[in-house]
Structure formats: structure tokens, C-alpha cells
file target_12.cif (mmCIF, C-alpha atoms)
data_entry
loop_
_atom_site.label_atom_id
_atom_site.label_comp_id
_atom_site.auth_asym_id
_atom_site.auth_seq_id
_atom_site.Cartn_x
_atom_site.Cartn_y
_atom_site.Cartn_z
CA MET A 1 2.67 -14.46 2.42
CA ARG A 2 0.37 -17.30 3.29
CA PRO A 3 -2.63 -17.79 0.97
CA HIS A 4 -6.01 -17.64 2.70
CA ALA A 5 -9.58 -17.71 1.50
CA LEU A 6 -11.27 -15.62 4.19
CA PRO A 7 -13.06 -12.59 2.68
CA GLY A 8 -12.34 -9.32 4.44
CA ALA A 9 -13.76 -5.84 4.54
CA VAL A 10 -14.04 -3.71 1.43
CA LEU A 11 -12.35 -0.34 1.26
CA ALA A 12 -14.56 2.54 0.27
CA LEU A 13 -14.37 3.27 -3.43
CA VAL A 14 -12.99 6.71 -3.95
CA SER A 15 -13.15 8.43 -7.32
CA TRP A 16 -9.83 9.98 -8.26
CA GLY A 17 -9.27 11.40 -11.66
CA CYS A 18 -7.09 13.64 -13.71
CA THR A 19 -8.35 16.70 -15.53
CA SER A 20 -5.35 16.99 -17.82
CA THR A 21 -5.71 15.72 -21.36
CA SER A 22 -1.97 15.49 -21.99
CA GLN A 23 0.13 12.60 -20.77
CA PRO A 24 2.88 13.71 -18.34
CA GLU A 25 6.45 12.67 -18.97
CA PRO A 26 7.44 9.57 -16.97
CA VAL A 27 9.72 10.30 -14.04
CA ASP A 28 12.56 7.78 -14.08
CA ASP A 29 15.60 9.71 -12.95
CA PHE A 30 17.90 8.32 -10.28
CA ALA A 31 16.85 10.87 -7.63
CA HIS A 32 13.19 9.89 -8.00
CA GLN A 33 13.98 6.18 -7.72
CA LYS A 34 16.17 6.82 -4.68
CA SER A 35 13.43 8.84 -2.98
CA TRP A 36 10.88 6.12 -3.80
CA ALA A 37 13.01 3.31 -2.39
CA GLY A 38 14.73 5.24 0.39
CA CYS A 39 11.89 7.38 1.71
CA HIS A 40 11.61 5.30 4.90
CA GLN A 41 15.32 5.09 5.79
CA ALA A 42 15.01 7.53 8.72
CA TYR A 43 11.77 5.94 9.96
CA GLN A 44 11.72 4.83 13.58
CA PRO A 45 8.50 2.99 14.54
CA THR A 46 6.78 4.44 17.59
CA GLY A 47 4.00 1.85 17.88
CA GLN A 48 1.42 4.62 17.46
CA LEU A 49 -0.43 3.61 14.31
CA ASP A 50 -1.79 7.01 13.28
CA ALA A 51 1.50 8.86 13.83
CA ASP A 52 3.58 6.17 12.14
CA LEU A 53 1.23 5.99 9.15
CA ARG A 54 1.26 9.80 8.78
CA TRP A 55 5.08 9.86 8.88
CA LEU A 56 5.43 7.22 6.16
CA ALA A 57 2.62 8.67 4.02
CA ARG A 58 4.14 12.14 4.08
CA ARG A 59 7.59 10.93 2.97
CA CYS A 60 6.69 7.91 0.82
CA ALA A 61 3.58 9.14 -1.01
CA GLU A 62 2.85 12.87 -0.58
CA GLN A 63 6.41 13.91 -1.42
CA LEU A 64 6.17 11.79 -4.57
CA GLY A 65 3.06 13.71 -5.69
CA MET A 66 0.53 11.05 -4.75
CA THR A 67 -2.95 11.57 -3.27
CA GLN A 68 -4.68 9.31 -0.78
CA LEU A 69 -7.00 7.01 -2.76
CA THR A 70 -8.65 5.13 0.11
CA PRO A 71 -9.57 5.97 3.65
CA THR A 72 -7.34 4.58 6.39
CA VAL A 73 -8.18 0.97 7.15
CA LYS A 74 -7.43 -0.48 10.58
CA GLY A 75 -7.49 -4.07 11.70
CA ALA A 76 -6.06 -6.52 14.20
CA GLN A 77 -4.63 -9.93 13.56
CA SER A 78 -2.35 -12.66 14.84
CA ALA A 79 0.04 -14.86 12.91
CA GLN A 80 -2.38 -17.76 13.36
CA GLN A 81 -5.26 -15.98 11.64
CA PRO A 82 -5.88 -15.92 7.89
CA ALA A 83 -5.08 -12.86 5.80
CA GLU A 84 -7.60 -10.03 5.64
CA ARG A 85 -8.71 -8.92 2.19
CA TYR A 86 -9.53 -5.36 1.19
CA SER A 87 -10.68 -4.23 -2.23
CA PHE A 88 -10.21 -0.84 -3.84
CA PHE A 89 -11.14 0.60 -7.21
CA ILE A 90 -8.71 2.04 -9.75
CA PRO A 91 -10.93 4.42 -11.79
CA GLU A 92 -8.68 4.97 -14.82
CA ALA A 93 -5.80 3.43 -16.72
CA GLY A 94 -2.41 5.01 -16.11
CA LEU A 95 -2.78 5.54 -12.36
CA CYS A 96 0.13 4.38 -10.24
CA THR A 97 -0.26 3.29 -6.63
CA ARG A 98 1.60 2.76 -3.42
CA VAL A 99 0.27 0.96 -0.36
CA ILE A 100 1.57 2.12 3.01
CA ALA A 101 0.95 -0.05 6.06
CA VAL A 102 2.18 -0.13 9.66
CA GLY A 103 1.76 -2.54 12.52
CA ASP A 104 1.94 -1.73 16.20
CA ALA A 105 4.87 -2.82 18.39
CA GLN A 106 3.47 -6.36 18.86
CA VAL A 107 3.40 -6.98 15.08
CA ARG A 108 6.94 -7.98 14.13
CA ASP A 109 6.29 -8.88 10.45
CA LEU A 110 3.36 -7.46 8.45
CA ASP A 111 2.94 -8.71 4.88
CA LEU A 112 1.04 -7.38 1.85
CA LEU A 113 0.01 -9.02 -1.42
CA LEU A 114 -1.77 -7.14 -4.21
CA ARG A 115 -3.95 -9.06 -6.68
CA ASP A 116 -5.41 -7.92 -10.00
CA PRO A 117 -9.18 -8.00 -10.76
CA GLU A 118 -8.89 -11.66 -11.84
CA GLY A 119 -7.10 -12.63 -8.62
CA ALA A 120 -3.59 -13.04 -10.04
CA PRO A 121 -0.77 -11.77 -7.78
CA LEU A 122 0.80 -8.50 -8.94
CA VAL A 123 3.31 -7.59 -6.24
CA ALA A 124 4.10 -8.68 -2.68
CA ASP A 125 6.05 -7.36 0.28
CA LEU A 126 9.22 -9.38 0.89
CA THR A 127 10.53 -7.52 3.94
CA HIS A 128 10.55 -8.81 7.50
CA ASP A 129 9.33 -5.69 9.29
CA ASN A 130 6.06 -4.19 10.46
CA TYR A 131 5.90 -1.30 7.96
CA PRO A 132 5.62 -2.64 4.41
CA LEU A 133 5.55 -0.29 1.42
CA LEU A 134 4.13 -1.80 -1.73
CA PRO A 135 5.74 -1.70 -4.21
CA PRO A 136 9.05 -0.98 -2.49
CA SER A 137 11.23 0.29 -5.32
CA GLY A 138 9.01 2.03 -7.88
CA PRO A 139 5.39 2.75 -8.78
CA LEU A 140 2.90 0.09 -9.84
CA CYS A 141 0.91 1.57 -12.72
CA PHE A 142 -2.33 0.02 -13.96
CA ASP A 143 -3.23 -0.62 -17.60
CA ALA A 144 -6.96 -0.76 -16.91
CA PRO A 145 -9.49 0.40 -14.35
CA GLY A 146 -10.87 -2.25 -12.05
CA THR A 147 -11.23 -3.58 -8.54
CA TYR A 148 -7.96 -4.78 -7.04
CA THR A 149 -7.57 -6.81 -3.85
CA LEU A 150 -5.00 -6.28 -1.13
CA GLU A 151 -4.25 -9.15 1.27
CA VAL A 152 -2.83 -8.20 4.66
CA SER A 153 -1.37 -10.75 7.03
CA VAL A 154 0.56 -10.69 10.25
CA PHE A 155 3.32 -13.21 9.64
CA GLU A 156 4.92 -12.82 13.06
CA GLY A 157 3.34 -11.37 16.17
CA ASN A 158 -0.13 -10.31 17.19
CA GLY A 159 -1.54 -6.80 17.09
CA ARG A 160 -3.12 -3.93 15.24
CA TYR A 161 -2.30 -2.49 11.83
CA ALA A 162 -3.33 0.44 9.66
CA LEU A 163 -3.00 1.00 5.92
CA GLN A 164 -3.73 3.42 3.09
CA VAL A 165 -3.62 3.23 -0.69
CA TRP A 166 -2.16 6.25 -2.50
CA ALA A 167 -2.36 7.05 -6.22
CA GLY A 168 -0.88 9.42 -8.76
CA LEU A 169 0.15 9.78 -12.38
CA PRO A 170 3.71 8.95 -13.40
#
call {"tool": "encode", "arguments": {"input": "target_12.cif", "output": "C-alpha cells"}}
result
Amino acid sequence: MRPHALPGAVLALVSWGCTSTSQPEPVDDFAHQKSWAGCHQAYQPTGQLDADLRWLARRCAEQLGMTQLTPTVKGAQSAQQPAERYSFFIPEAGLCTRVIAVGDAQVRDLDLLLRDPEGAPLVADLTHDNYPLLPPSGPLCFDAPGTYTLEVSVFEGNGRYALQVWAGLP
């Protein structure tokens, strides 16, 4: 991921909360980890952003009990342009997230970097494909509410992308 200083659009802030007062048991069994990391193994990109995003979201977020936290964000970018930045709000401690993004057929490598409210990097996509899932191998759970920033960059190619942030309790 290349660092850039260009401010981008801001995702709509969506309130998402839990009505339960008891803390659920963490899910850390092998089957859950396998489904988290392997949910995209059968994925075949079609180049149709909406259909591809729906496919990945259904298998890599909905089936893991997550709910869409942000509206779908769409953009276009080339490898020569700086990263776009999008902010979203985590309303309560304990929420875990997953970012799902897809690029069209002209985007060969789409990268993501998530930063905490102070700007420190939390997790980045290290794959060389146009459908990053962040984090790739398990949930990223937040200790505190706040506004987090997602940087999106086309590392190779030139085209459109779409992304969503999903959230749930462990």
C-alpha cells in the first residue's frame, strides 16, 4: 500500500448496536476460522461490481453473522492516483468488522489499509488480487468506539471498485 495524503469521501455513519446485556462467548473453533479465511475460495470474479460484492458479502460476512455497517461505496482509480480515504464510525467497544471490496476486470490489484482514530495502521491487505477482504483470517474487534479510516488504492490497473464495511459481535 502506498501512503497518500489526499482526503477522500466520508462513509455515512450508521448506528449499529446490540440490545443484549450479556457478553457472547467468543467463537474460535477451527470451523469458524476456516469459514472466515476460506469463504472466498469458490469466488470467480465476473467484473460486475454489484454482483461480485453481493457474492462475497453473503459468504464472507452474512454467513458469519455480520450486518452491513456502511452503505456501499463506489469509486474509480488508477495505479497512478493517490489512495482514496473513507471514514466510518464504530459506535461501541467489542464490535468486530470485516471490509469487503471488489474491483472491476481492469483493476488487477486492489489494496486496503485500515487506520485507527489516531491514524495508526491496524491491518492491511497483502494479497495481489482485485477482491481484498480485511482482515483476511479472523475478525478485527475494537476496544473503543471511534472514527476509523479506510484507505483504498488501485496498485495495478485502472478501473472501478466497490466496498462495504460489515460488523458483528464475536
call {"tool": "resolve_selection", "arguments": {"input": "target_12.cif", "expression": "the PyMOL selection byres ((chain A and resi 94) around 6)", "output": "count of residues only"}}
result
5
call {"tool": "resolve_selection", "arguments": {"input": "target_12.cif", "expression": "the PyMOL selection byres ((chain A and resi 43-55) around 7)", "output": "mmCIF file with C-alpha atoms, in the frame of the given file"}}
result
data_model
loop_
_atom_site.group_PDB
_atom_site.id
_atom_site.type_symbol
_atom_site.label_atom_id
_atom_site.label_comp_id
_atom_site.auth_asym_id
_atom_site.auth_seq_id
_atom_site.Cartn_x
_atom_site.Cartn_y
_atom_site.Cartn_z
ATOM 1 C CA HIS A 40 11.610 5.300 4.900
ATOM 2 C CA GLN A 41 15.320 5.090 5.790
ATOM 3 C CA ALA A 42 15.010 7.530 8.720
ATOM 4 C CA LEU A 56 5.430 7.220 6.160
ATOM 5 C CA ALA A 57 2.620 8.670 4.020
ATOM 6 C CA ARG A 58 4.140 12.140 4.080
ATOM 7 C CA ARG A 59 7.590 10.930 2.970
ATOM 8 C CA ALA A 101 0.950 -0.050 6.060
ATOM 9 C CA VAL A 102 2.180 -0.130 9.660
ATOM 10 C CA GLY A 103 1.760 -2.540 12.520
ATOM 11 C CA ASP A 104 1.940 -1.730 16.200
ATOM 12 C CA ALA A 105 4.870 -2.820 18.390
ATOM 13 C CA TYR A 161 -2.300 -2.490 11.830
ATOM 14 C CA ALA A 162 -3.330 0.440 9.660
#
call {"tool": "residues_around", "arguments": {"input": "target_12.cif", "residues": "A:Leu134", "least_positions_apart": "5", "cutoff": "10 Å", "atoms": "all atoms listed in the file", "output": "PyMOL selection string"}}
result
chain A and resi 97-101+111-114+123-126+139-140+165
call {"tool": "atom_distance", "arguments": {"input": "target_12.cif", "atom1": "atom CA of A:Glu118", "atom2": "atom CA of A:Val73"}}
result
22.8 Å
call {"tool": "resolve_selection", "arguments": {"input": "target_12.cif", "expression": "the PyMOL selection byres ((chain A and resi 169) around 6)", "output": "ChimeraX atom specification"}}
result
/A:95-96,168,170
call {"tool": "residues_around", "arguments": {"input": "target_12.cif", "residues": "A:Val107", "least_positions_apart": "4", "cutoff": "10 Å", "atoms": "all atoms listed in the file", "output": "list in words"}}
result
Gly47, Ala76, Gln77, Ser78, Ala79, Val102, Gly103, Asp129, Asn130, Tyr131, Val154, Phe155, Glu156, Gly157, Asn158, Gly159, Arg160 and Tyr161 of chain A
call {"tool": "closest_residue", "arguments": {"input": "target_12.cif", "among": "A:Gly65, A:Pro132, A:Gly138, A:Pro117", "to": "A:Ser87", "atoms": "only C-alpha atoms"}}
result
A:Pro117
call {"tool": "decode", "arguments": {"input": "target_12.cif", "residues": "stretch 111-150 of chain A", "atoms": "C-alpha atoms", "output": "CSV table (one decimal), in the first residue's frame"}}
result
chain,number,residue,atom,x,y,z
A,111,ASP,CA,-5.4,-2.7,-1.7
A,112,LEU,CA,-6.9,-1.8,1.6
A,113,LEU,CA,-5.4,-0.2,4.8
A,114,LEU,CA,-7.4,0.4,7.9
A,115,ARG,CA,-6.2,3.1,10.4
A,116,ASP,CA,-7.3,3.7,14.0
A,117,PRO,CA,-8.8,7.1,15.1
A,118,GLU,CA,-5.3,8.4,15.7
A,119,GLY,CA,-4.1,7.4,12.2
A,120,ALA,CA,-2.0,4.4,13.1
A,121,PRO,CA,-2.3,1.4,10.8
A,122,LEU,CA,-4.3,-1.5,12.2
A,123,VAL,CA,-4.4,-4.0,9.3
A,124,ALA,CA,-3.7,-4.1,5.6
A,125,ASP,CA,-4.5,-6.3,2.6
A,126,LEU,CA,-1.4,-8.2,1.4
A,127,THR,CA,-2.9,-10.1,-1.5
A,128,HIS,CA,-2.4,-9.4,-5.2
A,129,ASP,CA,-5.9,-9.6,-6.4
A,130,ASN,CA,-8.9,-7.3,-7.0
A,131,TYR,CA,-11.1,-8.6,-4.2
A,132,PRO,CA,-9.5,-7.9,-0.8
A,133,LEU,CA,-11.1,-9.0,2.4
A,134,LEU,CA,-9.9,-7.2,5.5
A,135,PRO,CA,-8.9,-8.8,7.8
A,136,PRO,CA,-8.3,-12.0,5.8
A,137,SER,CA,-8.1,-14.6,8.5
A,138,GLY,CA,-10.2,-13.5,11.5
A,139,PRO,CA,-12.2,-10.6,12.9
A,140,LEU,CA,-10.8,-7.3,13.9
A,141,CYS,CA,-12.5,-6.3,17.1
A,142,PHE,CA,-12.4,-2.8,18.5
A,143,ASP,CA,-11.6,-1.8,22.1
A,144,ALA,CA,-13.2,1.6,21.8
A,145,PRO,CA,-15.8,3.5,19.7
A,146,GLY,CA,-14.4,6.0,17.3
A,147,THR,CA,-14.0,7.0,13.7
A,148,TYR,CA,-11.7,4.7,11.7
A,149,THR,CA,-10.3,5.4,8.3
A,150,LEU,CA,-10.0,3.0,5.4
